[in-house]
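Participant: My structure is in query05.cif, and what it holds is mmCIF, C-alpha atoms:
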data_target
#
loop_
_atom_site.label_atom_id
_atom_site.label_comp_id
_atom_site.auth_asym_id
_atom_site.auth_seq_id
_atom_site.Cartn_x
_atom_site.Cartn_y
_atom_site.Cartn_z
CA MET A 7 86.58 108.92 21.68
CA PHE A 8 83.41 110.81 22.65
CA LEU A 9 82.44 108.24 25.30
CA VAL A 10 85.93 108.26 26.83
CA THR A 11 85.95 112.06 26.94
CA VAL A 12 82.55 112.16 28.65
CA LEU A 13 83.57 109.50 31.19
CA SER A 14 86.82 111.30 31.93
CA THR A 15 85.00 114.59 32.45
CA LEU A 16 82.36 113.07 34.73
CA PHE A 17 84.88 111.20 36.88
CA LEU A 18 87.11 114.26 37.16
CA LEU A 19 84.26 116.61 38.07
CA ALA A 20 82.96 114.20 40.71
CA TYR A 21 86.45 113.84 42.17
CA LEU A 22 87.04 117.60 42.24
CA ALA A 23 83.66 118.13 43.91
CA MET A 24 84.67 115.68 46.63
CA ILE A 25 88.01 117.44 47.23
CA ILE A 26 86.32 120.86 47.33
CA TRP A 27 83.86 119.54 49.92
CA MET A 28 86.64 117.96 52.01
CA TYR A 29 89.08 120.89 52.08
CA PRO A 30 87.28 123.25 54.51
CA LYS A 31 86.54 120.37 56.88
CA LEU A 32 90.23 119.97 57.75
CA LYS A 33 90.68 122.25 60.74
CA SER A 34 92.94 121.86 63.74
CA SER A 35 91.18 120.64 66.87
CA GLY A 36 91.67 123.07 69.72
CA ILE A 37 92.67 121.88 73.18
CA THR A 38 89.93 122.22 75.77
CA ASN A 39 89.56 121.14 79.37
CA ASN A 40 89.44 117.37 79.22
CA MET A 41 86.81 115.37 81.07
CA GLU A 42 88.60 112.72 83.09
CA HIS A 43 87.45 109.31 81.96
CA SER A 44 88.19 105.93 83.43
CA ILE A 45 89.90 104.23 80.50
CA SER A 46 91.26 100.87 79.39
CA VAL A 47 93.89 100.89 76.64
CA LEU A 48 93.55 97.69 74.60
CA ILE A 49 96.59 96.51 72.64
CA PRO A 50 96.28 93.19 70.78
CA PHE A 51 99.65 91.93 69.55
CA ARG A 52 101.24 89.11 67.61
CA ASP A 53 105.00 88.75 67.12
CA GLU A 54 105.89 92.31 68.15
CA GLU A 55 108.83 91.57 70.47
CA ARG A 56 111.01 94.22 68.78
CA LYS A 57 108.38 96.94 69.04
CA LEU A 58 107.10 96.43 72.59
CA PRO A 59 109.94 98.22 74.48
CA ALA A 60 109.42 101.48 72.57
CA LEU A 61 105.65 101.31 73.05
CA LEU A 62 106.01 100.70 76.79
CA ASN A 63 108.31 103.70 77.09
CA CYS A 64 105.66 105.84 75.40
CA LEU A 65 102.89 104.52 77.63
CA SER A 66 104.98 105.03 80.76
CA ALA A 67 105.49 108.67 79.81
CA GLN A 68 101.77 109.46 79.39
CA ILE A 69 100.51 112.50 81.25
CA TYR A 70 96.93 111.67 82.19
CA SER A 71 95.41 112.39 85.58
CA GLY A 72 92.40 110.11 85.28
CA LYS A 73 92.23 106.43 86.17
CA TRP A 74 93.60 104.22 83.40
CA GLU A 75 94.94 100.75 82.68
CA VAL A 76 96.71 99.03 79.80
CA ILE A 77 95.70 95.54 78.68
CA PHE A 78 97.96 93.67 76.28
CA ILE A 79 96.27 90.72 74.54
CA ASN A 80 98.64 88.09 73.14
CA ASP A 81 97.27 86.70 69.87
CA HIS A 82 99.29 83.45 69.92
CA SER A 83 102.69 85.09 69.28
CA SER A 84 105.46 82.82 68.04
CA ASP A 85 108.26 85.07 69.32
CA ASN A 86 109.18 85.94 72.92
CA GLY A 87 107.09 89.10 73.16
CA ALA A 88 104.61 87.71 75.69
CA GLU A 89 107.39 86.33 77.88
CA TRP A 90 109.23 89.64 77.72
CA LEU A 91 106.09 91.47 78.81
CA GLU A 92 105.57 89.13 81.75
CA VAL A 93 109.11 89.81 82.97
CA PHE A 94 108.63 93.56 82.47
CA ILE A 95 105.44 93.57 84.51
CA GLN A 96 107.07 91.62 87.35
CA LYS A 97 110.21 93.77 87.48
CA LYS A 98 108.55 97.13 87.16
CA GLU A 99 105.60 96.23 89.37
CA VAL A 100 103.35 98.36 87.19
CA ASP A 101 99.87 98.41 88.69
CA ASN A 102 97.99 99.52 85.60
CA LEU A 103 99.53 97.03 83.15
CA ARG A 104 98.08 93.59 82.43
CA LEU A 105 98.83 90.76 80.03
CA ILE A 106 96.20 88.26 78.93
CA HIS A 107 96.15 85.62 76.21
CA SER A 108 93.66 84.72 73.50
CA PRO A 109 92.10 81.30 74.18
CA LYS A 110 93.48 78.29 72.34
CA GLY A 111 91.83 77.73 68.98
CA VAL A 112 90.69 81.35 68.74
CA GLU A 113 92.76 83.55 66.43
CA GLY A 114 92.74 87.07 65.05
CA LYS A 115 92.62 90.66 66.16
CA LYS A 116 88.85 90.69 66.57
CA ALA A 117 88.95 87.74 68.96
CA ALA A 118 91.87 89.28 70.87
CA LEU A 119 89.98 92.53 71.33
CA ALA A 120 86.86 90.69 72.47
CA GLU A 121 88.98 88.93 75.08
CA GLY A 122 90.50 92.21 76.21
CA ILE A 123 87.10 93.86 76.57
CA LYS A 124 86.07 91.12 79.01
CA TYR A 125 88.82 92.26 81.38
CA ALA A 126 88.50 96.01 80.77
CA SER A 127 87.35 98.01 83.79
CA GLY A 128 87.30 101.44 82.12
CA GLU A 129 84.17 103.20 80.91
CA VAL A 130 86.12 104.21 77.79
CA LEU A 131 88.14 101.81 75.63
CA VAL A 132 91.18 103.12 73.77
CA GLN A 133 92.71 101.11 70.93
CA THR A 134 96.18 101.26 69.48
CA ASP A 135 98.59 98.79 67.91
CA ALA A 136 101.67 97.22 69.43
CA ASP A 137 103.91 98.60 66.68
CA CYS A 138 102.90 102.20 67.44
CA GLU A 139 104.55 105.02 69.33
CA MET A 140 103.08 108.26 70.62
CA GLY A 141 103.89 111.44 72.52
CA GLU A 142 103.34 112.00 76.23
CA TYR A 143 100.11 113.97 75.71
CA TRP A 144 98.52 111.38 73.41
CA LEU A 145 95.81 110.12 75.76
CA GLN A 146 95.01 113.58 77.04
CA ASN A 147 94.56 115.02 73.57
CA LEU A 148 92.75 112.05 72.04
CA LEU A 149 90.17 112.01 74.82
CA ASN A 150 89.55 115.73 74.35
CA GLY A 151 87.24 114.67 71.54
CA LEU A 152 85.10 112.41 73.70
CA LYS A 153 82.49 114.81 74.99
CA GLU A 154 79.10 114.16 76.57
CA ASN A 155 77.40 114.02 73.18
CA SER A 156 79.92 111.67 71.51
CA GLU A 157 80.46 107.93 71.56
CA MET A 158 83.69 107.56 69.59
CA VAL A 159 86.74 109.66 68.82
CA LEU A 160 89.34 109.02 66.12
CA GLY A 161 92.89 110.32 66.07
CA PRO A 162 95.47 110.76 63.31
CA VAL A 163 98.00 108.05 62.52
CA ALA A 164 101.27 108.75 60.68
CA MET A 165 103.50 106.26 58.92
CA ARG A 166 107.24 106.78 59.27
CA PRO A 167 108.93 105.79 56.02
CA GLN A 168 111.90 103.48 56.05
CA SER A 169 114.62 103.71 53.40
CA GLY A 170 113.60 103.44 49.77
CA PHE A 171 111.01 105.03 47.52
CA TRP A 172 108.22 102.51 48.08
CA SER A 173 108.24 102.97 51.83
CA LYS A 174 107.95 106.74 51.33
CA PHE A 175 105.19 106.20 48.78
CA ALA A 176 103.31 103.99 51.26
CA ALA A 177 103.59 106.68 53.95
CA LEU A 178 102.33 109.39 51.58
CA GLU A 179 99.45 107.24 50.34
CA PHE A 180 98.48 106.42 53.93
CA MET A 181 98.53 110.13 54.75
CA SER A 182 95.99 110.65 51.96
CA LEU A 183 93.73 108.00 53.53
CA GLN A 184 94.05 109.68 56.91
CA ALA A 185 93.27 113.09 55.41
CA SER A 186 90.15 111.66 53.78
CA GLY A 187 89.06 109.93 56.97
CA ALA A 188 89.54 113.12 58.98
CA ALA A 189 87.64 115.27 56.47
CA PHE A 190 84.66 112.93 56.22
CA THR A 191 84.43 112.48 59.99
CA LEU A 192 84.72 116.22 60.63
CA GLY A 193 82.06 116.65 57.95
CA LYS A 194 79.78 114.37 59.99
CA LYS A 195 80.06 111.52 57.49
CA PRO A 196 82.44 109.06 59.20
CA ILE A 197 83.53 106.31 56.80
CA MET A 198 87.10 105.42 57.76
CA GLY A 199 89.67 105.54 60.53
CA SER A 200 92.33 103.39 62.14
CA ALA A 201 92.33 101.10 65.17
CA ALA A 202 95.86 102.36 65.75
CA ASN A 203 94.30 105.46 67.31
CA MET A 204 90.69 105.44 68.43
CA ALA A 205 88.59 105.53 71.60
CA TYR A 206 84.96 104.70 72.30
CA ARG A 207 82.61 104.17 75.19
CA LYS A 208 82.39 100.59 76.38
CA SER A 209 78.63 100.69 75.90
CA VAL A 210 79.16 101.10 72.14
CA VAL A 211 80.46 97.53 71.80
CA ALA A 212 77.17 95.99 72.91
CA ASN A 213 74.98 98.40 70.94
CA LEU A 214 76.66 98.29 67.53
CA GLN A 215 75.40 96.19 64.67
CA LYS A 216 77.45 93.07 63.99
CA SER A 217 78.92 94.23 60.70
CA GLY A 218 81.75 92.30 59.06
CA GLU A 219 81.36 89.49 61.55
CA ASN A 220 83.28 86.90 59.52
CA LEU A 221 86.14 89.10 58.34
CA SER A 222 89.67 88.83 59.69
CA SER A 223 90.45 92.54 59.68
CA GLY A 224 88.90 95.91 59.02
CA ASP A 225 86.77 95.83 62.17
CA ASP A 226 87.79 99.38 63.06
CA VAL A 227 86.20 100.66 59.85
CA PHE A 228 83.06 98.55 60.36
CA MET A 229 82.66 99.93 63.87
CA ILE A 230 83.11 103.51 62.66
CA GLN A 231 80.65 103.11 59.80
CA SER A 232 78.05 101.26 61.86
CA LEU A 233 78.07 103.92 64.57
CA GLY A 234 78.18 106.67 61.96
CA LYS A 235 75.17 105.17 60.21
CA GLU A 236 73.16 105.28 63.44
CA ASN A 237 74.27 108.75 64.52
CA PRO A 238 77.17 110.46 62.68
CA GLN A 239 77.16 113.29 65.21
CA LYS A 240 78.55 110.92 67.83
CA VAL A 241 81.79 110.15 65.95
CA LYS A 242 84.49 112.82 66.35
CA PHE A 243 88.01 113.34 64.99
CA VAL A 244 90.81 115.06 66.90
CA LEU A 245 92.96 116.69 64.23
CA ASN A 246 95.86 117.54 66.47
CA GLU A 247 99.48 116.45 66.05
CA LYS A 248 99.77 115.80 69.79
CA ALA A 249 96.99 113.20 69.52
CA GLN A 250 98.83 111.37 66.72
CA THR A 251 100.28 107.87 66.85
CA TYR A 252 103.19 106.72 64.69
CA THR A 253 103.92 103.41 63.00
CA ASP A 254 106.47 102.20 60.45
CA ALA A 255 105.53 102.14 56.78
CA PRO A 256 105.92 98.87 54.83
CA ALA A 257 109.57 98.32 53.92
CA ASN A 258 109.11 97.39 50.26
CA PHE A 259 106.64 97.17 47.38
CA GLY A 260 105.59 93.58 48.15
CA GLU A 261 104.73 94.33 51.78
CA PHE A 262 102.94 97.49 50.72
CA VAL A 263 100.68 95.83 48.14
CA ASN A 264 99.93 92.90 50.46
CA GLN A 265 98.88 95.31 53.22
CA ARG A 266 96.69 97.46 50.99
CA ALA A 267 95.10 94.43 49.29
CA ARG A 268 94.27 93.08 52.75
CA TRP A 269 92.61 96.36 53.68
CA GLY A 270 90.86 96.81 50.34
CA SER A 271 89.32 93.33 50.27
CA LYS A 272 86.84 94.45 52.95
CA THR A 273 85.41 97.32 50.89
CA VAL A 274 82.50 95.42 49.34
CA ALA A 275 81.25 94.45 52.82
CA TYR A 276 81.19 98.00 54.18
CA PRO A 277 77.87 98.97 55.79
CA SER A 278 78.27 102.55 54.50
CA LYS A 279 77.12 103.12 50.92
CA LEU A 280 79.03 106.40 50.89
CA ALA A 281 82.29 104.55 51.65
CA ILE A 282 81.66 102.21 48.72
CA VAL A 283 80.88 105.16 46.43
CA VAL A 284 84.08 106.98 47.47
CA ALA A 285 86.16 103.83 46.96
CA GLY A 286 84.46 103.31 43.59
CA LEU A 287 85.19 106.88 42.52
CA ILE A 288 88.88 106.62 43.41
CA GLY A 289 89.16 103.18 41.83
CA GLY A 290 87.22 104.26 38.76
CA ILE A 291 89.32 107.32 37.99
CA SER A 292 92.49 105.23 38.45
CA VAL A 293 91.27 102.48 36.09
CA LEU A 294 90.30 105.17 33.59
CA GLN A 295 93.81 106.65 33.70
CA CYS A 296 95.40 103.25 33.12
CA ALA A 297 93.01 102.61 30.21
CA LEU A 298 93.89 105.98 28.67
CA ILE A 299 97.59 105.05 28.72
CA VAL A 300 96.85 101.79 26.88
CA LEU A 301 94.58 103.51 24.34
CA GLY A 302 97.28 106.11 23.81
CA PHE A 303 99.37 103.53 21.94
CA TRP A 304 96.76 103.66 19.17
CA GLN A 305 95.78 107.33 19.29
CA ILE A 306 97.78 110.09 20.92
CA THR A 307 94.65 112.07 21.79
CA TYR A 308 94.01 109.62 24.62
CA LEU A 309 97.37 110.56 26.12
CA VAL A 310 96.31 114.21 26.07
CA ILE A 311 93.16 113.28 28.00
CA PHE A 312 95.27 111.22 30.42
CA ALA A 313 97.63 114.14 31.02
CA THR A 314 94.69 116.49 31.62
CA VAL A 315 93.09 114.16 34.17
CA LEU A 316 96.43 113.46 35.85
CA PHE A 317 97.46 117.13 36.09
CA THR A 318 94.08 118.40 37.32
CA LYS A 319 93.70 115.63 39.89
CA ALA A 320 97.27 116.11 41.11
CA ILE A 321 96.70 119.82 41.79
CA ALA A 322 93.56 119.06 43.81
CA ASP A 323 95.30 116.27 45.72
CA TYR A 324 98.30 118.44 46.54
CA VAL A 325 96.19 121.29 47.91
CA LEU A 326 94.32 118.91 50.23
CA LEU A 327 97.39 116.94 51.32
CA ARG A 328 99.42 120.08 51.92
CA LYS A 329 96.80 121.32 54.36
CA TYR A 330 96.62 118.01 56.22
CA ALA A 331 100.42 117.62 56.22
CA ASN A 332 100.80 121.06 57.81
CA LEU A 333 98.31 120.17 60.54
CA THR A 334 100.02 116.86 61.36
CA LYS A 335 103.65 117.88 60.68
CA GLN A 336 104.23 115.50 57.76
CA THR A 337 105.24 117.95 55.05
CA ASN A 338 108.46 115.98 54.49
CA LEU A 339 106.40 113.34 52.64
CA LEU A 340 105.36 115.82 49.95
CA GLY A 341 108.85 115.67 48.45
CA ILE A 342 107.85 112.62 46.39
CA PHE A 343 104.37 113.89 45.50
CA ILE A 344 105.01 114.36 41.75
CA PRO A 345 106.32 110.84 40.98
CA SER A 346 103.72 109.39 43.35
CA SER A 347 100.90 111.08 41.44
CA ILE A 348 102.07 109.45 38.22
CA ILE A 349 102.43 106.01 39.81
CA TYR A 350 99.24 106.15 41.88
CA PRO A 351 96.66 104.97 39.28
CA PHE A 352 98.83 101.97 38.40
CA TYR A 353 99.26 101.12 42.08
CA ILE A 354 95.47 101.20 42.55
CA CYS A 355 94.97 98.83 39.62
CA ILE A 356 97.67 96.44 40.85
CA THR A 357 96.24 96.46 44.37
CA GLY A 358 92.74 95.92 42.99
CA MET A 359 93.90 92.79 41.18
CA ALA A 360 95.86 91.60 44.23
CA MET A 361 92.64 91.67 46.26
CA PHE A 362 91.46 88.57 44.39
CA PHE A 363 94.49 86.58 45.52
CA LYS A 364 95.50 85.23 48.91
CA THR A 365 96.91 87.78 51.33
CA THR A 366 98.85 86.96 54.46
CA TRP A 367 99.62 88.58 57.79
CA LYS A 368 102.33 87.22 60.08
CA GLY A 369 102.01 83.67 58.82
CA ARG A 370 98.22 83.67 58.59
CA THR A 371 96.05 83.60 55.50
CA ILE A 372 93.53 86.43 55.65
CA GLN A 373 89.90 85.53 55.08
CA LYS A 374 88.24 87.51 52.29
#
Could you render the structure as structure tokens?
Facilitator:
Amino acid sequence: MFLVTVLSTLFLLAYLAMIIWMYPKLKSSGITNNMEHSISVLIPFRDEERKLPALLNCLSAQIYSGKWEVIFINDHSSDNGAEWLEVFIQKKEVDNLRLIHSPKGVEGKKAALAEGIKYASGEVLVQTDADCEMGEYWLQNLLNGLKENSEMVLGPVAMRPQSGFWSKFAALEFMSLQASGAAFTLGKKPIMGSAANMAYRKSVVANLQKSGENLSSGDDVFMIQSLGKENPQKVKFVLNEKAQTYTDAPANFGEFVNQRARWGSKTVAYPSKLAIVVAGLIGGISVLQCALIVLGFWQITYLVIFATVLFTKAIADYVLLRKYANLTKQTNLLGIFIPSSIIYPFYICITGMAMFFKTTWKGRTIQK
């Protein structure tokens, strides 16, 4: 009992200290006069035929006065997305839109991006995903963060929940990841972000360490952490709703766990020790909560400790998420915060176990 109480106290104090440190870092990014960059927007895609029309509408509506181009990289799609894009390009006669294909025998997002970079003419590379949408001032606001003294800028990404509790839970949980990524980057300790909304100078690609070279996904995080390790001052975050991109949340529990297990399997290979410590703290306090529930069947005191940890952690989480949700206009997700807080430690444990099993993405087995 004594050991469990001490562990619970230590984990909870460490977690609260992290939240207290993060909270003041979350401040809205003001809009300043943007330096006009020559940019290449890189969009790798695989089997996104349904999503491409909406994305193209968003890109066509962009208000950006600098020189820019969009390069779609087809990662061996099995649907008609690539063919649809070719027809679109021919009919619209869009000068700044290109479609290229990953070479035969070369698969994956990393390879597709490498192929796109070969054709990119811009001094700045912007990444987003083919299943994303964004407002007309997206490029303008995102690039506000790329100043003379910075090499990379990250932007917020929001998941739009579909019907059902698990899709809403996925969107809320993703918002917590985004809030954490924003706080750590704004605190000059960049450890996470999303390739669905990021920009960096082309020179960064050649200069970065080759972290995570053999992994199938997670390269956005490796790039952020590698650059942050060399010079954290050069990684910025634009916390502005107008710089936000939007994507759909997983539709059900199975899709959700598969996605998070795929992401989580890269944690042990992170170049940032801080990122591993943060992941360990979150995982540790979740495992502890699950263990307290089990021990509670033998002694009710453990359930009291569980309730104390759960309640205290939930208050801290809500305060942080409320602030981030206000800044990014996602307060609607907080409606399921209470049940989500109760479920969260069990979800972390389930996802942690799922990491040891095969995960898939669009018909491909993901390499661990």
Participant: Run the PyMOL selection byres ((chain A and resi 145-155) around 6) against the file shown and list the residues it catches, as a list of chain:residue names.
Facilitator: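 Residues picked by the PyMOL selection byres ((chain A and resi 145-155) around 6): A:Asn40, A:Tyr70, A:Tyr143, A:Trp144, A:Ser156, A:Val159, A:Val244, A:Ala249.
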Participant: I'd like the contact shell of Ala164 (chain A) - 8 Å cut-off, all atoms listed in the file, skipping same-chain residues fewer than 4 positions apart - returned as a VMD selection string.
Facilitator: chain A and resid 177 180 to 181 250 to 253 336
Participant: I need the residue nearest Gly87 (chain A) from this list: A:Ala201, A:Val310, A:Leu105, A:Ala176. Use all atoms listed in the file for the distance.
Facilitator: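 Using all atoms listed in the file, Gly87 (chain A) sits closest to A:Leu105.
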Participant: Go through A:Leu326, A:Thr334, A:Asn86, A:Pro256 and flag the residue nearest Phe175 (chain A), using all atoms listed in the file for the distances.
Facilitator: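 Of the candidates, the smallest distance to Phe175 (chain A) is held by A:Pro256.
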Participant: Quick one: which residues end up in the PyMOL selection byres ((chain A and resi 308) around 12) for this structure, as a PyMOL selection string?
Facilitator: chain A and resi 7-11+14+294-307+309-315
